[in-house]
Every structure is written in C-alpha cells, then in structure tokens.
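This is final_23.txt. It holds compact mmCIF, C-alpha atoms.
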```txt
# COMPACT_ATOMS: atom_id res chain seq x y z
CA ARG N 1 97.80 105.69 82.76
CA LEU N 2 97.74 102.00 83.65
CA GLY N 3 99.78 100.98 80.61
CA ASP N 4 100.44 97.34 79.71
CA VAL N 5 100.89 96.11 83.27
CA LYS N 6 99.55 92.74 84.43
CA ALA N 7 99.28 93.69 88.15
CA LEU N 8 99.26 96.76 90.38
CA GLU N 9 100.91 97.51 93.72
CA VAL N 10 99.19 100.32 95.60
CA ASN N 11 100.81 102.11 98.55
CA LEU N 12 98.68 104.68 100.37
CA LYS N 13 100.48 106.69 103.03
CA LEU N 14 97.72 108.73 104.58
CA GLY N 15 98.65 111.27 107.23
CA VAL N 16 95.61 113.07 108.57
CA MET N 17 92.60 112.79 106.29
CA GLU N 18 89.27 111.21 105.50
CA THR N 19 89.76 108.66 102.73
CA LYS N 20 87.26 106.86 100.53
CA LEU N 21 88.29 104.31 97.91
CA ASP N 22 86.19 102.22 95.55
CA ALA N 23 86.45 100.55 92.14
CA LEU N 24 87.07 102.50 88.95
CA SER N 25 85.16 100.56 86.33
CA GLY N 26 87.05 100.05 83.07
CA GLY N 27 89.31 102.63 81.54
CA ASP N 28 93.05 103.11 81.14
CA TYR N 29 93.89 104.60 84.52
CA ALA N 30 95.34 102.94 87.62
CA VAL N 31 93.56 105.51 89.77
CA LYS N 32 91.42 108.63 89.48
CA GLY N 33 90.38 110.85 92.32
CA THR N 34 90.21 114.14 94.13
CA TYR N 35 92.00 115.58 97.14
CA LYS N 36 90.66 118.54 99.05
CA THR N 37 92.55 120.29 101.83
CA SER N 38 92.16 123.58 103.64
CA SER N 39 95.88 123.62 104.51
CA ASP N 40 98.54 124.93 102.14
CA ASN N 41 101.08 122.82 104.05
CA LEU N 42 99.56 119.40 103.25
CA LYS N 43 100.29 118.39 99.69
CA LEU N 44 99.55 115.06 98.09
CA ASP N 45 102.39 113.31 96.27
CA VAL N 46 101.35 110.83 93.57
CA ASN N 47 103.92 108.59 91.89
CA TYR N 48 103.30 105.87 89.30
CA GLU N 49 106.00 103.75 87.70
CA THR N 50 106.31 100.32 86.15
CA ARG N 51 108.61 97.56 87.33
CA GLY N 52 108.55 94.77 84.78
CA ASP N 53 104.89 93.93 84.21
CA THR N 54 103.75 95.52 87.52
CA GLY N 55 102.56 99.08 88.00
CA VAL N 56 103.56 100.65 91.31
CA LEU N 57 101.33 103.47 92.57
CA THR N 58 102.28 105.45 95.67
CA ILE N 59 100.10 108.21 97.09
CA SER N 60 101.34 109.99 100.20
CA GLN N 61 100.45 113.09 102.14
CA GLN N 62 103.44 115.40 102.48
CA GLY N 63 104.07 118.21 104.95
CA ARG N 64 102.80 119.14 108.38
CA ASP N 65 100.25 121.51 109.79
CA GLU N 66 100.66 122.46 113.45
CA ARG N 67 96.91 123.12 113.68
CA LEU N 68 96.12 119.42 113.17
CA ASP N 69 94.59 117.61 116.10
CA LEU N 70 91.31 115.81 116.66
CA THR N 71 89.43 119.09 117.24
CA SER N 72 90.90 121.19 114.40
CA ASN N 73 88.88 122.55 111.51
CA VAL N 74 91.45 121.59 108.87
CA ILE N 75 89.74 119.63 106.09
CA ASN N 76 91.58 116.82 104.29
CA ARG N 77 89.54 114.53 102.03
CA LEU N 78 90.81 111.99 99.53
CA ASN N 79 88.38 110.19 97.18
CA LEU N 80 89.88 107.53 94.92
CA GLY N 81 88.66 105.18 92.23
CA LEU N 82 91.04 102.23 91.78
CA THR N 83 91.27 100.14 88.60
CA ASP N 84 89.30 96.92 88.29
CA GLN N 85 91.35 95.83 85.25
CA VAL N 86 94.31 94.02 86.91
CA PRO N 87 95.05 92.18 90.18
CA VAL N 88 95.88 94.55 93.05
CA ASP N 89 98.16 94.26 96.09
CA MET N 90 97.47 97.13 98.49
CA VAL N 91 99.29 98.54 101.52
CA VAL N 92 97.57 101.30 103.51
CA GLU N 93 99.22 103.29 106.29
CA ALA N 94 96.57 105.53 107.85
CA GLY N 95 97.45 108.08 110.50
CA VAL N 96 94.38 109.90 111.77
CA GLY N 97 90.95 109.88 110.16
CA GLU N 98 88.16 107.79 108.76
CA VAL N 99 89.17 105.31 106.04
CA THR N 100 86.57 103.55 103.89
CA LEU N 101 87.80 100.93 101.41
CA ASP N 102 84.96 99.57 99.27
CA LEU N 103 86.82 96.86 97.38
CA THR N 104 83.72 95.53 95.63
CA GLY N 105 84.70 94.86 92.02
CA ILE N 106 88.46 95.14 92.62
CA ASN N 107 90.58 92.09 91.74
CA LEU N 108 92.27 92.00 95.16
CA ARG N 109 95.33 89.79 95.78
CA SER N 110 96.33 91.18 99.18
CA LEU N 111 95.55 93.99 101.59
CA GLN N 112 97.67 95.20 104.50
CA ILE N 113 96.44 98.03 106.68
CA LYS N 114 98.07 99.77 109.60
CA ALA N 115 95.78 102.42 111.06
CA GLY N 116 96.48 104.87 113.87
CA VAL N 117 93.48 106.78 115.20
CA GLY N 118 90.03 106.72 113.62
CA SER N 119 87.58 104.36 112.02
CA LEU N 120 88.39 101.76 109.42
CA ASN N 121 85.63 100.38 107.18
CA ILE N 122 86.59 97.62 104.75
CA ILE N 123 84.16 96.00 102.31
CA LEU N 124 85.76 92.95 100.70
CA PRO N 125 85.22 91.86 97.09
CA GLU N 126 82.48 89.28 96.46
CA GLN N 127 84.98 86.75 95.14
CA GLY N 128 88.67 85.98 95.13
CA ASN N 129 91.44 84.34 97.09
CA PHE N 130 93.37 86.91 99.10
CA GLU N 131 94.75 87.72 102.53
CA VAL N 132 93.80 90.77 104.58
CA ASN N 133 95.85 91.95 107.53
CA ALA N 134 94.41 94.91 109.45
CA ASP N 135 96.14 96.41 112.48
CA ALA N 136 94.33 99.30 114.12
CA GLY N 137 95.40 101.49 117.03
CA ILE N 138 92.58 103.53 118.57
CA GLY N 139 89.22 103.38 116.84
CA SER N 140 86.85 100.96 115.21
CA VAL N 141 87.34 98.34 112.51
CA ASP N 142 84.34 97.23 110.48
CA LEU N 143 85.13 94.37 108.09
CA THR N 144 82.33 93.37 105.72
CA VAL N 145 82.67 89.88 104.26
CA PRO N 146 80.07 89.37 101.49
CA GLU N 147 77.86 86.26 101.81
CA SER N 148 79.39 84.90 98.59
CA LEU N 149 82.91 84.92 100.06
CA GLU N 150 84.29 82.23 102.34
CA ALA N 151 86.62 83.52 105.04
CA ARG N 152 88.82 82.52 107.93
CA VAL N 153 89.10 85.30 110.47
CA GLU N 154 91.89 85.41 113.04
CA TYR N 155 91.77 88.25 115.52
CA ASP N 156 93.32 89.85 118.56
CA SER N 157 90.77 92.31 119.81
CA GLY N 158 92.64 93.64 122.83
CA LEU N 159 90.35 95.86 124.89
CA SER N 160 87.68 96.20 122.23
CA ASP N 161 84.33 94.57 121.57
CA LEU N 162 84.09 91.95 118.87
CA ASP N 163 80.90 91.20 116.95
CA ILE N 164 81.10 88.26 114.53
CA PRO N 165 78.04 87.22 112.47
CA ASN N 166 76.42 83.84 113.15
CA ARG N 167 77.49 82.44 109.78
CA PHE N 168 81.04 82.15 111.14
CA LYS N 169 81.78 79.26 113.49
CA LYS N 170 84.44 79.39 116.18
CA ALA N 171 87.34 77.13 115.10
CA GLY N 172 89.71 77.79 117.99
CA GLU N 173 91.08 80.49 120.26
CA ASP N 174 90.72 83.82 118.40
CA VAL N 175 89.75 82.00 115.17
```

As structure tokens, please, write out the structure in this file.
Amino acid sequence: RLGDVKALEVNLKLGVMETKLDALSGGDYAVKGTYKTSSDNLKLDVNYETRGDTGVLTISQQGRDERLDLTSNVINRLNLGLTDQVPVDMVVEAGVGEVTLDLTGINLRSLQIKAGVGSLNIILPEQGNFEVNADAGIGSVDLTVPESLEARVEYDSGLSDLDIPNRFKKAGEDV
C-alpha cells in the first residue's frame, strides 16, 4: 500500500527481462503488476518501506540462469502499473531486454536509466518539470516528448543514428 507518503522513490533493477510500465490510475497502491518467468532460478524481489514522508519501492530480479543469452527461450516479463497519486523519482537499471516506460499520467520528478543491451522506449508525461538521464549500451533509445511539453535535449550519440523532430532547434554542439 502507498500509505500516507507525499512522494515515491522507485528503483527497478532489471536483470534479463522484457519490462512494461505505465500509470496506475487512482487507488492506494504504489505499484501493481505481474511477473512471468519460465525459470525457477529468477525470482523477483519486491520491497516497499517508508522513510519519513517518502515511500521507497525497490523491485529487483534475483538469481541467475545459465541458459540466458540473446538466443535462449527463457521468458521473463514484468508488467507494472505505477501510482499517479504522488510525485515520483525513478531509477532504472536494465540489463538485457526491451524496456517500455509509458510515463503518461505519472507525476514525474526525475528519471535515471542505465540500460545494457536491448531497446529502450520512454514516453514522457504531457506536463511537468523534471530531468531525464538515459544511458544506453547496445540497442536503441526512443524518447517521446509530447507536443505539450517543452524540452532541452543534450545527447552523445556515439556510433548511432540520431533523429530529432523538426520542432527542436539546434542550440549548440550536441544540444
């Protein structure tokens, strides 16, 4: 349960899995979701505690499965609905897999993502004042900035292609 907190810190430590997150409209819960795995060795650890007026939610994949590689048939899927009731600071550490964060409707204060291998799809809220820091290893990053949201984008694209919509004007090197 969310409890009487005024803000939420979310820490997602994703090992090898497909992850989808979106807003949980209303209700008393910080998060609701499902986790499906075909490996008995990969458990999900969920911890929620309060520190003052802040709820701290940590979800992490525990264990190892030697069969895991990019061609394995092991299934790991996490689907989460995150509260829209309080401001959220989120840290995501993604290992291998596709991560989709649809933050539409979430009262986002900050988002930090460090992704390893796979695709990262982030849809920002339609309003707010927040900072997003995404660091991806091998794979694609798709950041959707709604028309209603002003943004300053700083990037270091390395060896990848970069496609920025015409509504953004170049303000300097990598800005």

Which residue of N:Leu149, N:Ile75, N:Val5, N:Leu24 approaches Thr54 (chain N) most closely, using all atoms listed in the file: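 Smallest distance to Thr54 (chain N) is found for N:Val5.
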
- Determine, counting all atoms listed in the file, which protein, DNA and RNA residues have an atom within 10 Å of an atom of Gly52 (chain N); residues of the same chain fewer than 3 positions away are not included. Present the result as a ChimeraX atom specification. /N:4-7,49,55

Write out as a PyMOL selection string which residues come within 8 Å of Thr37 (chain N) when counting only C-alpha atoms, dropping same-chain ones fewer than 5 positions away.
chain N and resi 42+74-77

For Lys43 (chain N), find every residue with an atom within 8 Å (counting all atoms listed in the file), except residues of its own chain fewer than 2 positions away, and show them as a ChimeraX atom specification.
/N:40-41,45,61-63

Write the residues of the preceding selection, restricted to C-alpha atoms, as a PDB file, keeping the file's coordinate frame.
```pdb
ATOM      1  CA  ASP N  40      98.540 124.930 102.140  1.00  0.00           C
ATOM      2  CA  ASN N  41     101.080 122.820 104.050  1.00  0.00           C
ATOM      3  CA  ASP N  45     102.390 113.310  96.270  1.00  0.00           C
ATOM      4  CA  GLN N  61     100.450 113.090 102.140  1.00  0.00           C
ATOM      5  CA  GLN N  62     103.440 115.400 102.480  1.00  0.00           C
ATOM      6  CA  GLY N  63     104.070 118.210 104.950  1.00  0.00           C
TER       7      GLY N  63
END
```

Students should find that CA of Gly137 (chain N) and CA of Pro87 (chain N) are spaced 28.4 Å

Between CA of Thr19 (chain N) and CA of Ser38 (chain N) lies a distance of 15.1 Å

Problem - Length of the CA of Tyr35 (chain N) to CA of Glu9 (chain N) vector [Å] - result: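 Computing the Euclidean distance for CA of Tyr35 (chain N) and CA of Glu9 (chain N) yields 20.4 Å.
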
- Surrounding residues of Leu2 (chain N) excluding itself and chain neighbours under 4 positions, 6 Å, all atoms listed in the file, as a PyMOL selection string: chain N and resi 28-30

Just-selected residues, C-alpha atoms written as a PDB file, keeping the file's coordinate frame:
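The resulting file, selection-v7.pdb, is reproduced below:
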```
ATOM      1  CA  ASP N  28      93.050 103.110  81.140  1.00  0.00           C
ATOM      2  CA  TYR N  29      93.890 104.600  84.520  1.00  0.00           C
ATOM      3  CA  ALA N  30      95.340 102.940  87.620  1.00  0.00           C
TER       4      ALA N  30
END
```

Practice prompt. Would you mind listing what lies within 7 Å of Met90 (chain N) as number ranges by chain, with all atoms listed in the file counted and same-chain residues fewer than 5 positions away left out?
Written response: N: 9-11, 110-112

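Using only C-alpha atoms for every distance, the candidate list N:Lys114, N:Lys13, N:Lys32, N:Lys20 yields N:Lys13 as the residue closest to Ile59 (chain N).
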
Selected residue of minimal separation from Gly81 (chain N) among N:Val56, N:Val117, N:Ile123, N:Val31, counting all atoms listed in the file:
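Closest residue, counting all atoms listed in the file: N:Val31.
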
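Considering the residues N:Leu120, N:Leu8, N:Met17, N:Leu78 and counting all atoms listed in the file, Arg51 (chain N) has its shortest atom-to-atom contact with N:Leu8.
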
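Ranking N:Thr50, N:Ser25, N:Thr100, N:Thr34 by their shortest atom-to-atom distance to Gly118 (chain N), with all atoms listed in the file included, puts N:Thr100 first.
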
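Across N:Phe130, N:Ala94, N:Asp142, N:Gln85, the tightest approach to Val16 (chain N) is made by N:Ala94 when counting only C-alpha atoms.
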
Since the input lacks some atoms of region 108-124 of chain N, please model N, CA, C and O atoms and print them as a PDB file, in the frame of the given file.
```
ATOM      1  N   LEU N 108      91.333  91.893  94.047  1.00  0.00           N
ATOM      2  CA  LEU N 108      92.270  92.000  95.160  1.00  0.00           C
ATOM      3  C   LEU N 108      93.101  90.739  95.315  1.00  0.00           C
ATOM      4  O   LEU N 108      92.584  89.630  95.298  1.00  0.00           O
ATOM      5  N   ARG N 109      94.427  90.919  95.459  1.00  0.00           N
ATOM      6  CA  ARG N 109      95.330  89.790  95.780  1.00  0.00           C
ATOM      7  C   ARG N 109      95.767  89.832  97.225  1.00  0.00           C
ATOM      8  O   ARG N 109      95.940  88.792  97.849  1.00  0.00           O
ATOM      9  N   SER N 110      95.955  91.043  97.772  1.00  0.00           N
ATOM     10  CA  SER N 110      96.330  91.180  99.180  1.00  0.00           C
ATOM     11  C   SER N 110      96.035  92.595  99.652  1.00  0.00           C
ATOM     12  O   SER N 110      96.027  93.537  98.862  1.00  0.00           O
ATOM     13  N   LEU N 111      95.798  92.694 100.970  1.00  0.00           N
ATOM     14  CA  LEU N 111      95.550  93.990 101.590  1.00  0.00           C
ATOM     15  C   LEU N 111      96.201  93.999 102.961  1.00  0.00           C
ATOM     16  O   LEU N 111      95.939  93.113 103.779  1.00  0.00           O
ATOM     17  N   GLN N 112      97.050  94.994 103.197  1.00  0.00           N
ATOM     18  CA  GLN N 112      97.670  95.200 104.500  1.00  0.00           C
ATOM     19  C   GLN N 112      97.354  96.610 104.947  1.00  0.00           C
ATOM     20  O   GLN N 112      97.589  97.559 104.193  1.00  0.00           O
ATOM     21  N   ILE N 113      96.809  96.719 106.166  1.00  0.00           N
ATOM     22  CA  ILE N 113      96.440  98.030 106.680  1.00  0.00           C
ATOM     23  C   ILE N 113      97.027  98.209 108.063  1.00  0.00           C
ATOM     24  O   ILE N 113      96.905  97.339 108.919  1.00  0.00           O
ATOM     25  N   LYS N 114      97.634  99.367 108.270  1.00  0.00           N
ATOM     26  CA  LYS N 114      98.070  99.770 109.600  1.00  0.00           C
ATOM     27  C   LYS N 114      97.451 101.139 109.843  1.00  0.00           C
ATOM     28  O   LYS N 114      97.776 102.098 109.140  1.00  0.00           O
ATOM     29  N   ALA N 115      96.514 101.186 110.791  1.00  0.00           N
ATOM     30  CA  ALA N 115      95.780 102.420 111.060  1.00  0.00           C
ATOM     31  C   ALA N 115      96.122 102.940 112.443  1.00  0.00           C
ATOM     32  O   ALA N 115      96.319 102.157 113.375  1.00  0.00           O
ATOM     33  N   GLY N 116      96.163 104.242 112.588  1.00  0.00           N
ATOM     34  CA  GLY N 116      96.480 104.870 113.870  1.00  0.00           C
ATOM     35  C   GLY N 116      95.234 105.160 114.679  1.00  0.00           C
ATOM     36  O   GLY N 116      94.780 104.338 115.463  1.00  0.00           O
ATOM     37  N   VAL N 117      94.645 106.331 114.449  1.00  0.00           N
ATOM     38  CA  VAL N 117      93.480 106.780 115.200  1.00  0.00           C
ATOM     39  C   VAL N 117      92.348 107.064 114.219  1.00  0.00           C
ATOM     40  O   VAL N 117      92.523 107.804 113.261  1.00  0.00           O
ATOM     41  N   GLY N 118      91.190 106.457 114.460  1.00  0.00           N
ATOM     42  CA  GLY N 118      90.030 106.720 113.620  1.00  0.00           C
ATOM     43  C   GLY N 118      89.306 105.436 113.289  1.00  0.00           C
ATOM     44  O   GLY N 118      89.611 104.369 113.818  1.00  0.00           O
ATOM     45  N   SER N 119      88.354 105.540 112.391  1.00  0.00           N
ATOM     46  CA  SER N 119      87.580 104.360 112.020  1.00  0.00           C
ATOM     47  C   SER N 119      88.059 103.801 110.692  1.00  0.00           C
ATOM     48  O   SER N 119      88.493 104.527 109.812  1.00  0.00           O
ATOM     49  N   LEU N 120      87.967 102.485 110.606  1.00  0.00           N
ATOM     50  CA  LEU N 120      88.390 101.760 109.420  1.00  0.00           C
ATOM     51  C   LEU N 120      87.227 100.895 108.961  1.00  0.00           C
ATOM     52  O   LEU N 120      86.721 100.075 109.717  1.00  0.00           O
ATOM     53  N   ASN N 121      86.762 101.116 107.746  1.00  0.00           N
ATOM     54  CA  ASN N 121      85.630 100.380 107.180  1.00  0.00           C
ATOM     55  C   ASN N 121      86.107  99.715 105.900  1.00  0.00           C
ATOM     56  O   ASN N 121      86.463 100.398 104.945  1.00  0.00           O
ATOM     57  N   ILE N 122      86.109  98.375 105.900  1.00  0.00           N
ATOM     58  CA  ILE N 122      86.590  97.620 104.750  1.00  0.00           C
ATOM     59  C   ILE N 122      85.465  96.734 104.235  1.00  0.00           C
ATOM     60  O   ILE N 122      84.897  95.939 104.997  1.00  0.00           O
ATOM     61  N   ILE N 123      85.149  96.861 102.966  1.00  0.00           N
ATOM     62  CA  ILE N 123      84.160  96.000 102.310  1.00  0.00           C
ATOM     63  C   ILE N 123      84.932  95.157 101.306  1.00  0.00           C
ATOM     64  O   ILE N 123      85.497  95.681 100.339  1.00  0.00           O
ATOM     65  N   LEU N 124      84.980  93.846 101.556  1.00  0.00           N
ATOM     66  CA  LEU N 124      85.760  92.950 100.700  1.00  0.00           C
ATOM     67  C   LEU N 124      85.046  92.656  99.392  1.00  0.00           C
ATOM     68  O   LEU N 124      83.815  92.732  99.312  1.00  0.00           O
TER      69      LEU N 124
END
```
